[in-house]
Amino acid sequence: MSALNLYDTATREVGVFKPLQPGQVSIYVCGATVQAAPHIGHVRSAVNFDILRRWLIWSGYDVTFIRNVTDIDDKILQKAVIEKMQWWALAMKYERIFNSAYAALNVMPPTYEPRATGHITQMIELMQTLIDNGAAYAPGNGDVYLEVRKLKRYLTLSGQKLDDLQPAADVDAGASMKKDPRDFALWKAAKVGEPSWPTPWGAGRPGWHLECSAMAHTYLGEAFDIHAGGLDLIFPHHENEIAQSEAAGHKFANRWLHNAWVTQSGEKMSKSLGNTLQVDVILQRVRGIELRWYLGSAHYRSMLEYSEAALDESAVAFRRIENFINRATELLGEQPTPVVNDAFCAAMNDDLAVPAALAGISENLRLGNQGITDSDLTIVAKAASEIRGALQILGCDPLDQNFAQSAPANVNEALDGVIHLALKERTAARERKDFAASDAIRDGLLELGITIEDTAQGPRWSMTEKS
RNA sequence: GGUCGGAUGGCCGAGAGGCGAGGCAAGGGACUGCAAAUCCCUCUACACGGGUUCAAAUCCCGUUCCGACCUCCA
């Protein structure tokens, strides 16, 4: 088996992945700032790194996967005012919505999901270290800043030069307390009516970046394997995480992975453009497993240009695969055993080349369908096993219990019985060549969203989405 | 201004020196009472201009266009 190769944003090269500890992988993914409901760009990130995680687990690694929740920041406070809620109630509300989106898309829950507000102590310790080192300073107004000019290296992830940056457009006069306009706030002084926590430098709340360094350190140690997040986090968020962590003497992340965006008309999905597509809206159009398939099928470093047509096409393609798995399961009399074949393995080891892996699935789908036509169960079993193996890694196994619909246990059985009564009548009509009657039954069922197919093994039915 | 990414057939979407990934759509065929499903066959590409090379979608130089980031962002 080939070794896993991954792209590293820091070196901008694909290279062999070697964990710091043999057999173990530690991953920190920047999760949600819970200030609004997720759009499909947010969950694309979750799906992409869930696929990475599943691949690492399949490859035999013991994976510790930390994905944080940032539950205190400027936008949360602003949003709380707008929605007339306590900031903590608002954060919790959106955290739940994020979690239900993750669940609908079969994203594995993280090993641990730390919240920023639960790690104030660790943040204060980190700031104390940075002040003791001379890397950070508290000018006395309650803010604490990192002094970026003192850093040995800064902006190496984004490849920029400090002097090339446009100076931050700080609005408040407090910015003048900075030694350099490019210094960033580790900690922000309390304002009236805003939540705060006591520190040796005054009461306040975390700046945006500090929480990730503190939590990564807490759960993964001073050095860990992979830090991941969206492309737009490279600067400033990840640069600043690196800056404050390295200034505290931590090696921090060994490798950086960034997923690309979901775009519309070539433009990144964002609130300010008003072009966001919320997950719950899309889930009225397609099922969770179909949305996951769509989001996961492009390479994680490629922009995914959203369109309804592309989403629909992707969903139809997935249903073909699902249909084959279901038919194969019926024919074989048992669920196919998942098998990861060499082609899939090679594709995934090449920087998670999912699109290349999909070509292999298509090939197997063709062979498997041919096997069904020929009633060659050996071929059907092989194809179904290999497809299911791939689908499991992609988190899109239609037989996965996480995608099962909730309904009374006997509903499917009862429905099956009712449909078979109708099919019996239809078969009788066909035997007496009364095709008008047999077609009427089939059309009637179709109107209810039930598709009838005549096969060599007799009629079979399946539920389809009513359009 | 600085940094980064992109442009591939009707559409989506890989590839990164040599054999045209794959899917969808379209056309033809097989199967079928009709349909659905399935299978087979066919077709259409590398933004533009130079260069390197036996060979360029791929490397180099230049150009155009699109997008992202520059302390709010997945």
# chains A, B, ... in the order shown; residues from 1 in each chain; ligands from 1

call {"tool": "residues_around", "arguments": {"residues": "segment 24-36 of chain B", "least_positions_apart": "6", "cutoff": "8 Å", "atoms": "only C-alpha atoms (C1' of nucleotides)", "output": "MDAnalysis selection string"}}
result
(chainID A and resid 313 435 451:454) or (chainID B and resid 10:12 42)

call {"tool": "write_last_selection", "arguments": {"atoms": "all heavy atoms", "output": "CSV table (one decimal), in the first residue's frame"}}
result
chain,number,residue,atom,x,y,z
A,313,GLU,N,-27.8,17.1,-10.4
A,313,GLU,CA,-27.1,16.0,-11.2
A,313,GLU,C,-26.3,15.1,-10.3
A,313,GLU,O,-26.3,13.9,-10.4
A,313,GLU,CB,-26.1,16.7,-12.2
A,313,GLU,CG,-25.4,15.7,-13.1
A,313,GLU,CD,-24.2,16.3,-13.9
A,313,GLU,OE1,-24.5,17.3,-14.6
A,313,GLU,OE2,-23.1,15.8,-13.8
A,435,PHE,N,-53.2,-4.2,-20.5
A,435,PHE,CA,-52.1,-3.2,-20.2
A,435,PHE,C,-52.6,-1.9,-19.7
A,435,PHE,O,-51.9,-1.2,-19.0
A,435,PHE,CB,-51.2,-3.1,-21.4
A,435,PHE,CG,-50.5,-4.3,-21.8
A,435,PHE,CD1,-50.6,-4.9,-23.0
A,435,PHE,CD2,-49.7,-5.0,-20.8
A,435,PHE,CE1,-50.0,-6.1,-23.4
A,435,PHE,CE2,-49.1,-6.2,-21.2
A,435,PHE,CZ,-49.2,-6.7,-22.4
A,451,THR,N,-41.8,4.0,-7.6
A,451,THR,CA,-41.4,3.6,-8.9
A,451,THR,C,-41.4,2.1,-9.1
A,451,THR,O,-40.8,1.4,-8.2
A,451,THR,CB,-40.0,4.2,-9.3
A,451,THR,OG1,-40.0,5.6,-9.1
A,451,THR,CG2,-39.6,3.9,-10.7
A,452,ILE,N,-42.0,1.6,-10.1
A,452,ILE,CA,-42.0,0.2,-10.4
A,452,ILE,C,-41.1,-0.1,-11.5
A,452,ILE,O,-41.1,0.5,-12.5
A,452,ILE,CB,-43.5,-0.2,-10.7
A,452,ILE,CG1,-44.4,0.1,-9.6
A,452,ILE,CG2,-43.5,-1.8,-11.1
A,452,ILE,CD1,-44.1,-0.5,-8.3
A,453,GLU,N,-40.3,-1.2,-11.3
A,453,GLU,CA,-39.4,-1.6,-12.4
A,453,GLU,C,-39.7,-3.1,-12.6
A,453,GLU,O,-39.7,-3.9,-11.6
A,453,GLU,CB,-38.0,-1.4,-12.0
A,453,GLU,CG,-37.6,0.1,-11.9
A,453,GLU,CD,-36.3,0.2,-11.1
A,453,GLU,OE1,-35.4,-0.6,-11.3
A,453,GLU,OE2,-36.2,1.2,-10.3
A,454,ASP,N,-39.8,-3.5,-13.8
A,454,ASP,CA,-40.0,-5.0,-14.1
A,454,ASP,C,-38.6,-5.5,-14.4
A,454,ASP,O,-37.9,-5.1,-15.2
A,454,ASP,CB,-40.9,-5.2,-15.3
A,454,ASP,CG,-42.3,-4.8,-15.0
A,454,ASP,OD1,-42.8,-5.0,-13.9
A,454,ASP,OD2,-42.9,-4.2,-15.9
B,10,G,P,-18.4,22.4,-27.0
B,10,G,OP1,-18.9,21.9,-28.3
B,10,G,OP2,-17.6,23.7,-27.0
B,10,G,O5',-19.6,22.6,-26.0
B,10,G,C5',-20.5,23.8,-26.2
B,10,G,C4',-21.7,23.6,-25.3
B,10,G,O4',-22.4,22.4,-25.7
B,10,G,C3',-21.3,23.4,-23.9
B,10,G,O3',-21.2,24.6,-23.2
B,10,G,C2',-22.6,22.6,-23.4
B,10,G,O2',-23.7,23.5,-23.2
B,10,G,C1',-22.8,21.7,-24.6
B,10,G,N9,-22.1,20.4,-24.5
B,10,G,C8,-21.2,19.9,-25.4
B,10,G,N7,-20.7,18.8,-25.0
B,10,G,C5,-21.4,18.4,-23.9
B,10,G,C6,-21.3,17.3,-23.0
B,10,G,O6,-20.6,16.3,-23.2
B,10,G,N1,-22.2,17.4,-21.9
B,10,G,C2,-23.0,18.4,-21.7
B,10,G,N2,-23.7,18.4,-20.6
B,10,G,N3,-23.1,19.5,-22.4
B,10,G,C4,-22.3,19.5,-23.5
B,11,C,P,-20.0,24.7,-22.1
B,11,C,OP1,-19.9,26.2,-21.8
B,11,C,OP2,-18.8,23.9,-22.5
B,11,C,O5',-20.7,24.0,-20.9
B,11,C,C5',-21.8,24.5,-20.2
B,11,C,C4',-22.3,23.6,-19.1
B,11,C,O4',-22.6,22.3,-19.7
B,11,C,C3',-21.3,23.2,-18.1
B,11,C,O3',-21.2,24.2,-17.1
B,11,C,C2',-21.8,21.9,-17.5
B,11,C,O2',-22.9,22.2,-16.7
B,11,C,C1',-22.3,21.3,-18.8
B,11,C,N1,-21.3,20.4,-19.4
B,11,C,C2,-21.1,19.1,-18.8
B,11,C,O2,-21.7,18.8,-17.8
B,11,C,N3,-20.2,18.3,-19.3
B,11,C,C4,-19.5,18.7,-20.4
B,11,C,N4,-18.6,17.8,-20.9
B,11,C,C5,-19.7,19.9,-21.1
B,11,C,C6,-20.6,20.7,-20.5
B,12,C,P,-19.8,24.4,-16.3
B,12,C,OP1,-20.0,25.6,-15.5
B,12,C,OP2,-18.7,24.3,-17.3
B,12,C,O5',-19.7,23.1,-15.4
B,12,C,C5',-20.6,23.0,-14.3
B,12,C,C4',-20.4,21.6,-13.7
B,12,C,O4',-20.5,20.6,-14.7
B,12,C,C3',-19.0,21.3,-13.1
B,12,C,O3',-18.8,21.9,-11.8
B,12,C,C2',-19.1,19.8,-13.0
B,12,C,O2',-19.9,19.4,-11.9
B,12,C,C1',-19.8,19.4,-14.3
B,12,C,N1,-18.8,19.1,-15.4
B,12,C,C2,-18.2,17.8,-15.3
B,12,C,O2,-18.5,17.1,-14.4
B,12,C,N3,-17.4,17.4,-16.3
B,12,C,C4,-17.1,18.3,-17.3
B,12,C,N4,-16.3,17.9,-18.2
B,12,C,C5,-17.7,19.6,-17.4
B,12,C,C6,-18.6,19.9,-16.4
B,42,U,P,-16.6,3.9,-29.4
B,42,U,OP1,-15.4,3.7,-30.2
B,42,U,OP2,-16.6,4.1,-27.9
B,42,U,O5',-17.5,5.1,-30.1
B,42,U,C5',-17.7,5.1,-31.5
B,42,U,C4',-18.5,6.3,-31.8
B,42,U,O4',-19.8,6.2,-31.2
B,42,U,C3',-17.9,7.6,-31.3
B,42,U,O3',-16.9,8.1,-32.2
B,42,U,C2',-19.2,8.5,-31.3
B,42,U,O2',-19.5,9.0,-32.6
B,42,U,C1',-20.3,7.6,-30.9
B,42,U,N1,-20.6,7.7,-29.5
B,42,U,C2,-21.4,8.7,-29.0
B,42,U,O2,-21.9,9.5,-29.8
B,42,U,N3,-21.7,8.8,-27.7
B,42,U,C4,-21.2,7.9,-26.7
B,42,U,O4,-21.6,8.0,-25.6
B,42,U,C5,-20.4,6.8,-27.2
B,42,U,C6,-20.1,6.8,-28.5

call {"tool": "interface_residues", "arguments": {"of": "chain A", "to": "chain B", "cutoff": "6 Å", "atoms": "only C-alpha atoms (C1' of nucleotides)", "output": "list in words"}}
result
Gly41, His42, Ser45, Gln160, Asp164, Leu165, Gln166, Gly230, Pro236, Ala359 and Glu453 of chain A

call {"tool": "closest_residue", "arguments": {"among": "A:Ser438, A:Gln278, A:Gln35, A:Gln21", "to": "Asp71 of chain A", "atoms": "only C-alpha atoms"}}
result
A:Gln35

call {"tool": "residues_around", "arguments": {"residues": "segment 104-114 of chain A", "least_positions_apart": "5", "cutoff": "9 Å", "atoms": "only C-alpha atoms (C1' of nucleotides)", "output": "MDAnalysis selection string"}}
result
chainID A and resid 31 43 46:47 50:51 53:54 63:70 99 119 215 219 283 287:292 395:396 402:403

call {"tool": "write_last_selection", "arguments": {"atoms": "N, CA and C atoms", "output": "compact mmCIF listing (two decimals), in the first residue's frame"}}
result
# COMPACT_ATOMS: atom_id res chain seq x y z
N GLY A 31 -13.43 25.16 14.02
CA GLY A 31 -14.85 24.93 13.82
C GLY A 31 -15.60 26.24 13.69
N VAL A 43 -20.27 23.57 5.97
CA VAL A 43 -20.30 22.11 6.10
C VAL A 43 -19.41 21.42 5.07
N ALA A 46 -16.39 20.82 6.99
CA ALA A 46 -16.58 19.70 7.91
C ALA A 46 -16.53 18.37 7.17
N VAL A 47 -17.17 18.30 6.01
CA VAL A 47 -17.20 17.06 5.24
C VAL A 47 -15.80 16.70 4.74
N ASP A 50 -13.77 15.45 7.54
CA ASP A 50 -14.33 14.19 8.02
C ASP A 50 -13.85 13.04 7.13
N ILE A 51 -13.75 13.32 5.84
CA ILE A 51 -13.24 12.31 4.92
C ILE A 51 -11.77 12.02 5.25
N ARG A 53 -10.40 12.32 8.13
CA ARG A 53 -10.39 11.58 9.38
C ARG A 53 -10.73 10.11 9.16
N ARG A 54 -11.77 9.87 8.37
CA ARG A 54 -12.18 8.49 8.09
C ARG A 54 -11.07 7.74 7.36
N VAL A 63 -6.85 8.34 15.77
CA VAL A 63 -6.99 9.76 15.46
C VAL A 63 -7.65 10.52 16.60
N THR A 64 -6.98 11.55 17.08
CA THR A 64 -7.60 12.47 18.02
C THR A 64 -8.00 13.71 17.24
N PHE A 65 -9.29 13.96 17.20
CA PHE A 65 -9.82 15.00 16.33
C PHE A 65 -10.51 16.06 17.18
N ILE A 66 -9.90 17.23 17.22
CA ILE A 66 -10.46 18.32 18.01
C ILE A 66 -11.05 19.36 17.06
N ARG A 67 -12.29 19.68 17.28
CA ARG A 67 -12.91 20.76 16.50
C ARG A 67 -13.59 21.70 17.49
N ASN A 68 -13.11 22.93 17.52
CA ASN A 68 -13.59 23.86 18.54
C ASN A 68 -14.90 24.53 18.18
N VAL A 69 -15.49 25.13 19.16
CA VAL A 69 -16.62 26.04 18.97
C VAL A 69 -16.20 27.38 19.56
N THR A 70 -16.19 28.41 18.72
CA THR A 70 -15.90 29.74 19.24
C THR A 70 -17.24 30.36 19.61
N ASN A 99 -24.71 21.59 14.93
CA ASN A 99 -24.61 20.16 15.23
C ASN A 99 -25.64 19.34 14.47
N HIS A 119 -12.24 27.89 28.31
CA HIS A 119 -10.78 27.81 28.35
C HIS A 119 -10.13 29.16 28.59
N MET A 215 -6.61 26.10 23.14
CA MET A 215 -7.30 24.80 23.14
C MET A 215 -6.49 23.72 22.44
N TYR A 219 -5.40 20.24 24.44
CA TYR A 219 -5.83 18.88 24.09
C TYR A 219 -4.82 18.12 23.23
N LEU A 283 -31.32 21.12 2.29
CA LEU A 283 -31.82 19.81 2.71
C LEU A 283 -33.30 19.63 2.42
N ARG A 287 -31.46 15.01 0.03
CA ARG A 287 -31.24 14.40 1.33
C ARG A 287 -29.81 14.71 1.83
N GLY A 288 -29.59 14.54 3.09
CA GLY A 288 -28.28 14.80 3.68
C GLY A 288 -27.17 14.02 3.01
N ILE A 289 -27.45 12.77 2.71
CA ILE A 289 -26.42 11.92 2.11
C ILE A 289 -26.08 12.43 0.71
N GLU A 290 -27.07 13.01 0.03
CA GLU A 290 -26.84 13.53 -1.32
C GLU A 290 -26.07 14.84 -1.27
N LEU A 291 -26.37 15.67 -0.29
CA LEU A 291 -25.60 16.90 -0.13
C LEU A 291 -24.16 16.58 0.23
N ARG A 292 -23.98 15.60 1.08
CA ARG A 292 -22.63 15.20 1.45
C ARG A 292 -21.86 14.70 0.23
N GLY A 395 -18.14 8.63 3.74
CA GLY A 395 -19.23 8.94 4.67
C GLY A 395 -20.59 8.91 4.01
N CYS A 396 -20.70 8.20 2.89
CA CYS A 396 -21.93 8.18 2.11
C CYS A 396 -22.46 6.77 1.90
N ASN A 402 -26.78 5.91 10.32
CA ASN A 402 -26.92 7.35 10.54
C ASN A 402 -27.81 8.02 9.49
N PHE A 403 -28.00 7.35 8.37
CA PHE A 403 -28.86 7.92 7.35
C PHE A 403 -30.25 7.30 7.36

call {"tool": "atom_distance", "arguments": {"atom1": "atom CA of Thr464 of chain A", "atom2": "atom CA of Gly449 of chain A"}}
result
5.3 Å
